[in-house]
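**Q** If it helps, the file is called upload.cif and holds mmCIF, C-alpha atoms:
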data_input
loop_
_atom_site.label_atom_id
_atom_site.label_comp_id
_atom_site.auth_asym_id
_atom_site.auth_seq_id
_atom_site.Cartn_x
_atom_site.Cartn_y
_atom_site.Cartn_z
CA MET A 1103 28.61 90.99 91.62
CA THR A 1104 30.46 93.01 88.99
CA VAL A 1105 33.47 95.20 89.82
CA GLN A 1106 31.34 98.27 89.11
CA GLN A 1107 28.62 97.11 91.49
CA LYS A 1108 31.19 96.48 94.20
CA LEU A 1109 32.69 99.94 93.72
CA GLN A 1110 29.24 101.50 93.85
CA GLU A 1111 28.58 99.82 97.19
CA THR A 1112 31.72 101.31 98.77
CA MET A 1113 31.46 104.70 97.08
CA ARG A 1114 30.62 107.88 98.96
CA PRO A 1115 26.85 108.51 98.65
CA GLU A 1116 27.40 111.88 96.99
CA ASP A 1117 29.62 110.27 94.33
CA ARG A 1118 27.12 107.50 93.69
CA LEU A 1119 24.29 110.00 93.22
CA PHE A 1120 26.46 112.24 91.02
CA ILE A 1121 27.35 109.38 88.66
CA GLU A 1122 23.72 108.27 88.51
CA ARG A 1123 22.65 111.79 87.60
CA LYS A 1124 25.28 112.14 84.90
CA LYS A 1125 24.37 108.70 83.57
CA GLU A 1126 20.83 109.91 82.96
CA GLU A 1127 21.80 113.38 81.71
CA MET A 1128 24.63 112.35 79.37
CA HIS A 1129 23.81 108.70 78.59
CA LEU A 1130 27.16 107.49 79.93
CA THR A 1131 28.28 104.15 78.59
CA TYR A 1132 28.95 101.23 80.92
CA SER A 1133 32.70 101.71 80.36
CA GLN A 1134 32.49 105.40 81.24
CA GLN A 1135 30.52 104.62 84.39
CA SER A 1136 33.15 102.05 85.40
CA ILE A 1137 35.95 104.57 84.92
CA LEU A 1138 34.15 107.16 87.04
CA CYS A 1139 33.35 104.60 89.75
CA GLU A 1140 37.01 103.62 89.98
CA LEU A 1141 38.18 107.23 90.10
CA ALA A 1142 35.59 108.09 92.75
CA ASN A 1143 36.75 105.16 94.85
CA ASP A 1144 40.38 106.27 94.57
CA LEU A 1145 39.43 109.79 95.67
CA ARG A 1146 37.58 108.35 98.67
CA LEU A 1147 40.53 106.20 99.76
CA TRP A 1148 42.84 109.21 99.34
CA GLN A 1149 40.46 111.39 101.41
CA GLU A 1150 40.32 113.86 98.52
CA GLN A 1151 37.40 115.94 97.25
CA ASN A 1152 34.45 114.15 95.69
CA LEU A 1153 34.16 113.44 91.98
CA GLU A 1154 32.04 116.50 91.21
CA ALA A 1155 34.94 118.79 92.20
CA PHE A 1156 36.90 117.46 89.20
CA TRP A 1157 34.03 117.75 86.70
CA PRO A 1158 34.21 120.35 83.89
CA ASP A 1159 31.99 123.41 84.29
CA HIS A 1160 29.27 124.54 81.89
CA GLU A 1161 31.57 126.92 80.02
CA GLN A 1162 34.05 124.13 79.31
CA MET A 1163 31.22 121.90 78.06
CA LYS A 1164 29.71 124.61 75.87
CA GLY A 1165 28.84 123.41 72.39
CA LEU A 1166 29.30 119.71 73.23
CA HIS A 1167 26.45 117.26 72.96
CA ASP A 1168 25.68 113.56 73.38
CA LYS A 1169 28.71 111.26 72.93
CA GLY A 1170 31.10 114.15 72.44
CA ALA A 1171 30.08 115.69 75.76
CA SER A 1172 30.38 112.46 77.73
CA ARG A 1173 33.76 111.61 76.21
CA PHE A 1174 35.06 115.10 76.97
CA ALA A 1175 33.77 115.04 80.57
CA VAL A 1176 35.23 111.65 81.46
CA SER A 1177 38.56 112.49 79.81
CA TYR A 1178 38.63 115.84 81.63
CA VAL A 1179 38.12 114.16 85.02
CA GLN A 1180 40.85 111.62 84.24
CA ASN A 1181 43.26 114.43 83.31
CA GLN A 1182 42.46 116.45 86.43
CA ILE A 1183 43.10 113.47 88.70
CA GLU A 1184 46.28 112.65 86.78
CA LYS A 1185 47.47 116.21 87.48
CA LEU A 1186 46.80 115.56 91.16
CA ARG A 1187 48.94 112.42 90.95
CA GLN A 1188 51.78 114.35 89.33
CA GLU A 1189 52.06 116.78 92.23
CA PRO A 1190 53.95 115.84 95.42
CA THR A 1191 51.44 114.16 97.73
CA ASP A 1192 49.97 116.58 100.27
CA TYR A 1193 49.42 114.99 103.69
CA SER A 1194 48.28 118.21 105.39
CA THR A 1195 44.63 117.31 104.76
CA PHE A 1196 44.95 113.56 105.43
CA CYS A 1197 43.88 111.85 108.64
CA PRO A 1198 45.51 108.42 109.19
CA PRO A 1199 42.94 105.65 109.62
CA SER A 1200 42.88 103.24 112.53
CA VAL A 1201 44.45 99.89 111.66
CA ARG A 1202 44.04 96.41 113.00
CA THR A 1203 46.21 95.42 115.93
CA ASP A 1204 45.09 91.80 116.21
CA LYS A 1205 47.70 90.25 113.91
CA VAL A 1206 49.62 88.89 116.85
CA ARG A 1207 48.43 85.29 117.02
CA CYS A 1208 51.66 83.34 116.73
CA GLU A 1209 51.99 79.75 115.63
CA MET A 1210 54.96 77.40 115.45
CA ILE A 1211 55.01 75.31 112.29
CA ALA A 1212 57.22 72.44 111.19
CA GLY A 1213 59.45 73.87 108.53
CA ASP A 1214 60.12 70.67 106.59
CA ASP A 1215 57.56 71.52 103.93
CA VAL A 1216 58.31 75.25 103.86
CA THR A 1217 60.54 76.71 101.17
CA LEU A 1218 63.08 78.47 103.34
CA ILE A 1219 65.27 80.16 100.74
CA GLY A 1220 63.85 82.75 98.36
CA ARG A 1221 65.17 85.60 96.28
CA CYS A 1222 64.81 89.36 96.32
CA PRO A 1223 61.72 90.71 94.51
CA CYS A 1224 63.66 92.13 91.57
CA PRO A 1225 62.30 90.57 88.36
CA PRO A 1226 64.35 87.59 87.17
CA GLU A 1227 64.73 89.22 83.75
CA ALA A 1228 67.14 91.81 85.24
CA PRO A 1229 69.24 93.76 84.08
CA VAL A 1230 66.00 95.71 83.54
CA LEU A 1231 66.69 96.66 87.17
CA ARG A 1232 70.11 96.65 88.80
CA CYS A 1233 69.92 93.72 91.25
CA CYS A 1234 72.40 92.58 93.91
CA GLY A 1235 71.10 88.98 93.92
CA MET A 1236 70.31 88.95 97.63
CA ARG A 1237 68.65 85.78 98.96
CA THR A 1238 65.91 85.63 101.57
CA ILE A 1239 65.50 83.33 104.55
CA ASP A 1240 61.76 83.18 105.18
CA ALA A 1241 62.04 82.20 108.84
CA VAL A 1242 58.90 84.10 109.86
CA GLN A 1243 55.74 84.55 107.81
CA GLN A 1244 53.62 87.72 108.18
CA CYS A 1245 54.22 91.07 109.85
CA ALA A 1246 52.26 92.76 112.64
CA PHE A 1247 52.98 96.31 111.46
CA GLY A 1248 50.48 98.31 109.41
CA CYS A 1249 52.38 99.84 106.48
CA SER A 1250 49.87 100.81 103.80
CA TYR A 1251 52.14 99.84 100.90
CA CYS A 1252 53.17 96.44 102.28
CA SER A 1253 52.72 93.41 100.05
CA ILE A 1254 53.71 90.87 102.73
CA GLN A 1255 50.23 91.06 104.23
CA SER A 1256 48.75 89.92 100.92
CA PHE A 1257 50.84 86.76 100.80
CA TYR A 1258 49.99 85.18 104.16
CA SER A 1259 47.04 84.61 106.49
CA GLN A 1260 46.01 87.98 107.91
CA ASN A 1261 45.69 86.86 111.52
CA GLN A 1262 48.58 84.45 111.91
CA ILE A 1263 52.30 84.99 112.31
CA LYS A 1264 54.11 81.72 111.72
CA PHE A 1265 57.55 80.74 113.01
CA ILE A 1266 59.52 77.73 111.79
CA SER A 1267 59.97 75.49 114.83
CA ASN A 1268 63.04 73.62 113.54
CA LEU A 1269 64.82 76.61 112.03
CA SER A 1270 68.29 75.63 113.32
CA GLU A 1271 68.04 72.21 111.71
CA ARG A 1272 66.69 73.60 108.46
CA LEU A 1273 69.50 76.15 108.24
CA GLN A 1274 72.10 73.42 108.66
CA THR A 1275 70.66 71.16 105.97
CA MET A 1276 69.21 73.57 103.40
CA HIS A 1277 70.55 73.72 99.86
CA LEU A 1278 72.30 77.03 99.20
CA PRO A 1279 72.14 78.41 95.64
CA ALA A 1280 75.54 78.67 93.97
CA GLY A 1281 77.23 82.02 94.52
CA SER A 1282 74.85 83.16 97.28
CA TRP A 1283 76.41 85.04 100.19
CA HIS A 1284 73.94 87.77 101.25
CA PHE A 1285 70.75 86.79 103.08
CA THR A 1286 67.93 88.68 104.77
CA THR A 1287 64.84 87.72 106.74
CA GLY A 1288 63.14 91.05 106.05
CA GLN A 1289 61.13 90.05 102.97
CA SER A 1290 58.56 87.83 104.72
CA SER A 1291 58.34 89.66 108.05
CA ASP A 1292 60.06 92.29 110.17
CA SER A 1293 63.39 90.83 111.28
CA LEU A 1294 63.45 92.32 114.79
CA LEU A 1295 59.83 92.89 115.77
CA PHE A 1296 59.64 89.58 117.66
CA GLY A 1297 63.14 89.74 119.13
CA ASP A 1298 64.41 86.26 119.94
CA GLU A 1299 61.14 85.06 121.44
CA GLN A 1300 61.04 81.95 119.26
CA GLY A 1301 64.80 81.49 118.97
CA THR A 1302 64.89 82.88 115.44
CA LEU A 1303 67.74 85.32 115.98
CA SER A 1304 69.81 82.74 117.89
CA ALA A 1305 69.41 80.27 115.02
CA LEU A 1306 70.44 82.89 112.48
CA ALA A 1307 73.43 83.92 114.61
CA SER A 1308 74.64 80.30 114.76
CA PHE A 1309 74.23 79.98 110.99
CA ALA A 1310 76.21 83.20 110.44
CA ARG A 1311 78.94 82.03 112.79
CA GLU A 1312 79.30 78.77 110.88
CA HIS A 1313 79.55 80.67 107.58
CA PRO A 1314 81.90 83.64 108.13
CA ASP A 1315 81.89 84.50 104.41
CA PHE A 1316 78.12 84.95 104.43
CA VAL A 1317 76.28 88.10 105.51
CA ILE A 1318 73.01 87.84 107.40
CA GLU A 1319 71.16 91.16 107.24
CA LEU A 1320 68.29 91.87 109.60
CA LYS A 1321 65.82 94.50 108.32
CA SER A 1322 63.42 96.27 110.65
CA LYS A 1323 61.12 99.18 111.47
CA SER A 1324 61.05 98.11 115.11
CA ARG A 1325 62.30 99.74 118.31
CA ARG A 1326 62.91 96.38 119.97
CA THR A 1327 66.35 95.96 121.53
CA ASP A 1328 65.92 93.31 124.25
CA TRP A 1329 67.75 90.80 122.03
CA ILE A 1330 70.93 92.88 122.19
CA GLY A 1331 73.30 91.34 124.74
CA LYS A 1332 71.29 88.12 124.88
CA VAL A 1333 71.99 86.85 121.38
CA ASP A 1334 75.68 86.25 120.61
CA VAL A 1335 75.76 88.24 117.37
CA PRO A 1336 78.74 87.47 115.11
CA ARG A 1337 80.40 90.22 113.12
CA ASN A 1338 78.81 89.09 109.83
CA MET A 1339 75.27 89.47 111.16
CA ILE A 1340 74.26 93.09 110.67
CA ALA A 1341 71.15 94.96 111.82
CA THR A 1342 69.57 97.48 109.49
CA TRP A 1343 66.62 99.82 109.85
CA SER A 1344 64.27 101.21 107.25
CA LEU A 1345 64.12 104.99 107.71
CA ASN A 1346 61.44 107.31 106.42
CA ALA A 1347 60.25 110.87 106.80
CA PRO A 1348 58.10 111.47 109.91
CA THR A 1349 55.21 112.47 107.63
CA ILE A 1350 55.29 109.07 105.93
CA ILE A 1351 55.82 107.12 109.15
CA GLY A 1352 52.88 108.90 110.76
CA ASN A 1353 50.50 108.51 107.82
CA GLU A 1354 51.55 105.34 105.99
CA GLU A 1355 53.73 103.21 108.31
CA LEU A 1356 51.24 102.76 111.13
CA LEU A 1357 52.13 100.75 114.27
CA THR A 1358 55.86 100.97 113.44
CA ALA A 1359 58.47 102.66 115.60
CA THR A 1360 58.98 106.39 115.21
CA LEU A 1361 62.09 107.67 113.43
CA LYS A 1362 63.59 108.59 116.80
CA GLU A 1363 62.91 105.11 118.19
CA ARG A 1364 64.44 103.38 115.17
CA LEU A 1365 67.61 105.47 115.37
CA GLU A 1366 67.89 104.89 119.12
CA ALA A 1367 67.54 101.13 118.59
CA ALA A 1368 70.26 101.25 115.92
CA ARG A 1369 72.48 103.28 118.26
CA LYS A 1370 72.09 100.64 120.97
CA ALA A 1371 73.05 97.92 118.50
CA ALA A 1372 76.12 99.87 117.35
CA ASP A 1373 77.15 100.45 120.99
CA ALA A 1374 77.09 96.67 121.42
CA GLY A 1375 79.54 96.28 118.53
CA ILE A 1376 76.95 95.23 115.95
CA LEU A 1377 77.37 96.71 112.49
CA VAL A 1378 74.30 98.60 111.32
CA GLY A 1379 72.81 99.88 108.08
CA PHE A 1380 69.94 102.07 106.90
CA HIS A 1381 67.43 101.78 104.07
CA PHE A 1382 65.68 104.89 102.77
CA HIS A 1383 63.05 102.70 101.23
CA PRO A 1384 60.43 103.48 100.14
CA MET A 1385 61.07 107.15 99.56
CA VAL A 1386 57.83 108.99 98.83
CA TRP A 1387 57.33 112.11 96.69
CA PHE A 1388 55.40 114.38 99.07
CA LYS A 1389 55.16 118.04 100.05
CA GLY A 1390 57.89 118.68 102.61
CA MET A 1391 60.23 115.88 101.51
CA ASP A 1392 62.99 118.37 100.61
CA GLU A 1393 63.22 119.27 104.30
CA GLU A 1394 62.41 115.99 106.01
CA TYR A 1395 64.72 113.58 104.18
CA PRO A 1396 67.88 115.74 104.54
CA GLU A 1397 67.01 116.13 108.23
CA ILE A 1398 67.09 112.33 108.58
CA VAL A 1399 70.54 112.33 106.98
CA HIS A 1400 71.66 114.94 109.53
CA LYS A 1401 70.40 112.78 112.40
CA VAL A 1402 72.11 109.65 111.04
CA THR A 1403 75.46 111.34 110.44
CA SER A 1404 75.31 113.01 113.87
CA MET A 1405 74.52 109.80 115.77
CA PHE A 1406 76.79 107.34 113.92
CA ALA A 1407 80.30 107.15 112.55
CA PRO A 1408 80.65 105.82 108.99
CA GLU A 1409 82.84 103.02 110.36
CA GLU A 1410 79.79 101.67 112.21
CA VAL A 1411 77.57 101.61 109.11
CA VAL A 1412 77.80 98.93 106.43
CA ASP A 1413 75.27 100.12 103.91
CA ILE A 1414 72.78 102.81 102.96
CA SER A 1415 70.24 102.03 100.26
CA MET A 1416 67.66 104.15 98.48
CA GLY A 1417 64.53 103.06 96.67
CA THR A 1418 60.99 104.14 95.94
CA LEU A 1419 57.51 102.67 95.88
CA THR A 1420 57.30 99.83 93.36
CA PHE A 1421 54.09 97.90 92.78
CA PRO A 1422 53.18 94.91 90.63
CA LYS A 1423 49.69 95.43 89.21
CA PRO A 1424 48.12 92.69 91.42
CA VAL A 1425 49.42 94.47 94.54
CA ILE A 1426 47.85 97.76 93.38
CA GLN A 1427 44.57 95.92 92.92
CA ARG A 1428 44.83 94.36 96.39
CA LEU A 1429 45.62 97.71 98.01
CA ARG A 1430 42.57 99.25 96.36
CA ALA A 1431 40.41 96.29 97.39
CA SER A 1432 41.61 96.52 101.00
CA GLU A 1433 39.45 99.63 101.47
CA ARG A 1434 42.11 101.20 103.67
CA GLU A 1435 42.35 104.96 103.40
CA SER A 1436 45.81 105.95 102.23
CA ARG A 1437 47.47 108.38 99.84
CA ILE A 1438 50.27 106.01 98.93
CA LEU A 1439 48.71 105.31 95.50
CA GLU A 1440 48.11 109.01 94.85
CA MET A 1441 51.22 109.08 92.72
CA GLU A 1442 52.20 109.35 89.10
CA MET A 1443 52.97 105.87 87.85
CA ALA A 1444 55.26 104.67 85.08
CA GLY A 1445 55.71 101.07 84.00
CA ILE A 1446 59.07 99.33 84.39
CA ALA A 1447 59.84 95.60 84.28
CA GLY A 1448 56.20 94.69 84.66
CA LYS A 1449 55.75 96.89 87.73
CA TYR A 1450 54.68 100.47 88.43
CA SER A 1451 56.71 103.17 90.12
CA TYR A 1452 57.51 106.88 89.87
CA PRO A 1453 58.79 108.21 86.53
CA ILE A 1454 62.55 108.24 86.12
CA GLU A 1455 62.82 112.04 86.39
CA THR A 1456 61.01 112.06 89.73
CA LYS A 1457 63.34 109.37 91.05
CA LYS A 1458 66.38 111.33 89.91
CA LYS A 1459 65.26 114.31 91.98
CA MET A 1460 64.63 112.21 95.10
CA PHE A 1461 67.81 110.14 95.03
CA SER A 1462 70.08 113.04 94.05
CA MET A 1463 68.65 115.20 96.83
CA LEU A 1464 69.20 112.48 99.44
CA TYR A 1465 72.67 111.39 98.33
CA SER A 1466 73.94 114.97 98.11
CA SER A 1467 72.92 115.45 101.76
CA PHE A 1468 75.57 112.99 102.98
CA PRO A 1469 79.09 114.22 103.84
CA GLN A 1470 81.91 113.13 101.58
CA ASN A 1471 83.54 110.90 104.20
CA TRP A 1472 80.33 108.86 104.38
CA LYS A 1473 80.30 108.40 100.63
CA LYS A 1474 83.86 107.06 100.81
CA ASN A 1475 83.38 104.74 103.78
CA VAL A 1476 79.81 103.39 103.46
CA PHE A 1477 78.40 101.29 100.63
CA PHE A 1478 75.60 103.30 98.96
CA TYR A 1479 73.31 101.68 96.43
CA LEU A 1480 69.95 101.97 94.70
CA CYS A 1481 67.58 99.12 95.49
CA MET A 1482 65.36 97.70 92.74
CA GLU A 1483 65.99 100.66 90.45
CA ASP A 1484 66.76 101.27 86.80
CA PRO A 1485 70.51 101.17 85.99
CA SER A 1486 70.25 104.55 84.24
CA LEU A 1487 69.65 106.23 87.63
CA TRP A 1488 73.00 105.33 89.19
CA LYS A 1489 75.34 107.68 87.32
CA PRO A 1490 73.25 110.89 87.56
CA CYS A 1491 72.26 110.25 91.19
CA LEU A 1492 75.35 108.66 92.75
CA GLY A 1493 78.07 109.62 90.31
CA TYR A 1494 79.00 106.01 89.52
CA GLU A 1495 77.42 102.90 88.09
CA TYR A 1496 77.95 99.17 87.59
CA GLU A 1497 78.00 97.63 84.15
CA SER A 1498 76.16 94.49 85.26
CA ASN A 1499 74.42 92.82 88.15
CA ALA A 1500 77.49 90.67 88.70
CA ALA A 1501 79.71 93.77 89.03
CA PHE A 1502 77.25 95.29 91.51
CA ASP A 1503 77.17 92.07 93.53
CA ASP A 1504 80.97 91.81 93.57
CA ALA A 1505 81.40 95.41 94.74
CA MET A 1506 78.81 94.98 97.49
CA LYS A 1507 80.39 91.73 98.71
CA LYS A 1508 83.88 93.23 98.81
CA SER A 1509 82.68 96.32 100.70
CA TYR A 1510 80.59 94.38 103.22
CA LEU A 1511 83.22 91.75 104.00
CA ASN A 1512 86.03 94.33 104.27
CA LYS A 1513 84.09 96.26 106.89
CA ILE A 1514 83.02 93.09 108.70
CA ARG A 1515 86.62 91.95 109.03
CA LEU A 1516 87.86 95.29 110.34
CA ARG A 1517 88.25 95.50 114.10
#
I need this file expressed as structure tokens, please.
**A**
Amino acid sequence: MTVQQKLQETMRPEDRLFIERKKEEMHLTYSQQSILCELANDLRLWQEQNLEAFWPDHEQMKGLHDKGASRFAVSYVQNQIEKLRQEPTDYSTFCPPSVRTDKVRCEMIAGDDVTLIGRCPCPPEAPVLRCCGMRTIDAVQQCAFGCSYCSIQSFYSQNQIKFISNLSERLQTMHLPAGSWHFTTGQSSDSLLFGDEQGTLSALASFAREHPDFVIELKSKSRRTDWIGKVDVPRNMIATWSLNAPTIIGNEELLTATLKERLEAARKAADAGILVGFHFHPMVWFKGMDEEYPEIVHKVTSMFAPEEVVDISMGTLTFPKPVIQRLRASERESRILEMEMAGIAGKYSYPIETKKKMFSMLYSSFPQNWKKNVFFYLCMEDPSLWKPCLGYEYESNAAFDDAMKKSYLNKIRLR
């Protein structure tokens, strides 16, 4: 079955009939039909109007015939949909789909043949992007949340969440890359969703305790807190939460904790003496973001003191082309790909100017004492964004890594 045939099968009936009619009327080429099928499928997944709503009217087509008319019509539709992408995404007409809740079958696996240590997803050819060189500990494989933009779910079996049974032993004997000091478990799963059910957090806490110059960062969108008080968390093991606007959580981060629940979980961790952090990642360009993101900043700065917070990062949606293809093939309705895309380092993200507006707006919302006492950084972003958005920059990845390490360890050692 060709890609076009597959798209035609999943297309809305009215779009399928419209393309068939135009094929006969205008003698559309196979390439033009493929383009229209792909655009129609995108519109369906975005819950937008059908393809005919973007077609030029008779007055616009006046005087055009045969190949000229078909080329104009297809180009016109492409331009109209590109204009839609360039506008902030409007979620007022979007209805979140139901998502699967059966990805909870857990399995213990022997970790001897599993590569435990990985690296952050920044491209290795950095400095195209400013990268901190963080390492990953892939202690759990797969996530049970339903974030529409997530690439984790493409890497592992959809129905299985796998835990390494001998994690403590593997952590003690694994080879650590030279210069590594900052580790996270949040790249292959949610760090806190499963608590300490399989002993994962206890193993990580022991590893952190044995390596006081390392930082173990847990990353989560969970509300789970039953591990607090049960796991002996050393000072260099920090808990961080990904924060997003309620509109994005409600429409694109399905099954995750609400913003309120995430902040309450972080507050409970801070009350227990655990250092916390927050990641505004991925920020999304949508209608209402100018109100919702600053409101999150107000909640964070009202609930926490800067002395309790190690880091605050900012980043946007970034997709390798294969992930975009997988998201389209998943057939899940979402507006996350209804965005203007620019290429950078082999991936696709918002244009630089859009990012400048988002990051500057968010950073300017924080009080000055937070900017002085918390480590702010841009995650997986172009180095040219730092100075205009944050007011400072690092000349190299090594300088960024050194500054982060110094800031983290200074706060960790403060009592």
**Q** Compile a residue-level contact table for region 1286-1379 of chain A against region 1438-1452 of chain A at a cut-off of 12 Å, reporting for every qualifying residue the shortest atom pair and its distance in Å to one decimal, with all atoms listed in the file counted, rows ordered by chain and ascending number, as a tab-separated table.
**A**
residue	atom	partner	partner_atom	distance
A:Thr1349	CA	A:Ile1438	CA	11.9
A:Ile1350	CA	A:Ile1438	CA	9.1
A:Ile1351	CA	A:Ile1438	CA	11.7
A:Asn1353	CA	A:Ile1438	CA	9.2
A:Glu1354	CA	A:Ile1438	CA	7.2
A:Glu1355	CA	A:Ile1438	CA	10.4
**Q** Quick one: distance from CA of Leu1487 (chain A) to CA of Lys1458 (chain A) in Å, one decimal?
**A**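 Distance reported for this atom pair: 6.5 Å.
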**Q** Please report the interatomic distance between CA of Ala1175 (chain A) and CA of Trp1157 (chain A) in Å with one decimal.
**A** 6.7 Å
**Q** Pick out the closest residue to Ala1505 (chain A) from this set: A:Ile1414, A:Leu1361, A:Ala1368, A:Cys1234. Count only C-alpha atoms.
**A**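 Nearest candidate to Ala1505 (chain A) out of A:Ile1414, A:Leu1361, A:Ala1368, A:Cys1234: A:Cys1234.
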**Q** Report as JSON the centre and the edge lengths, in Å to one decimal, of the axis-aligned box holding every listed atom of region 1177-1189 of chain A, padded by 8 Å on each side.
**A**
{"center_x": 45.1, "center_y": 114.2, "center_z": 86.0, "size_x": 29.9, "size_y": 21.2, "size_z": 28.4}
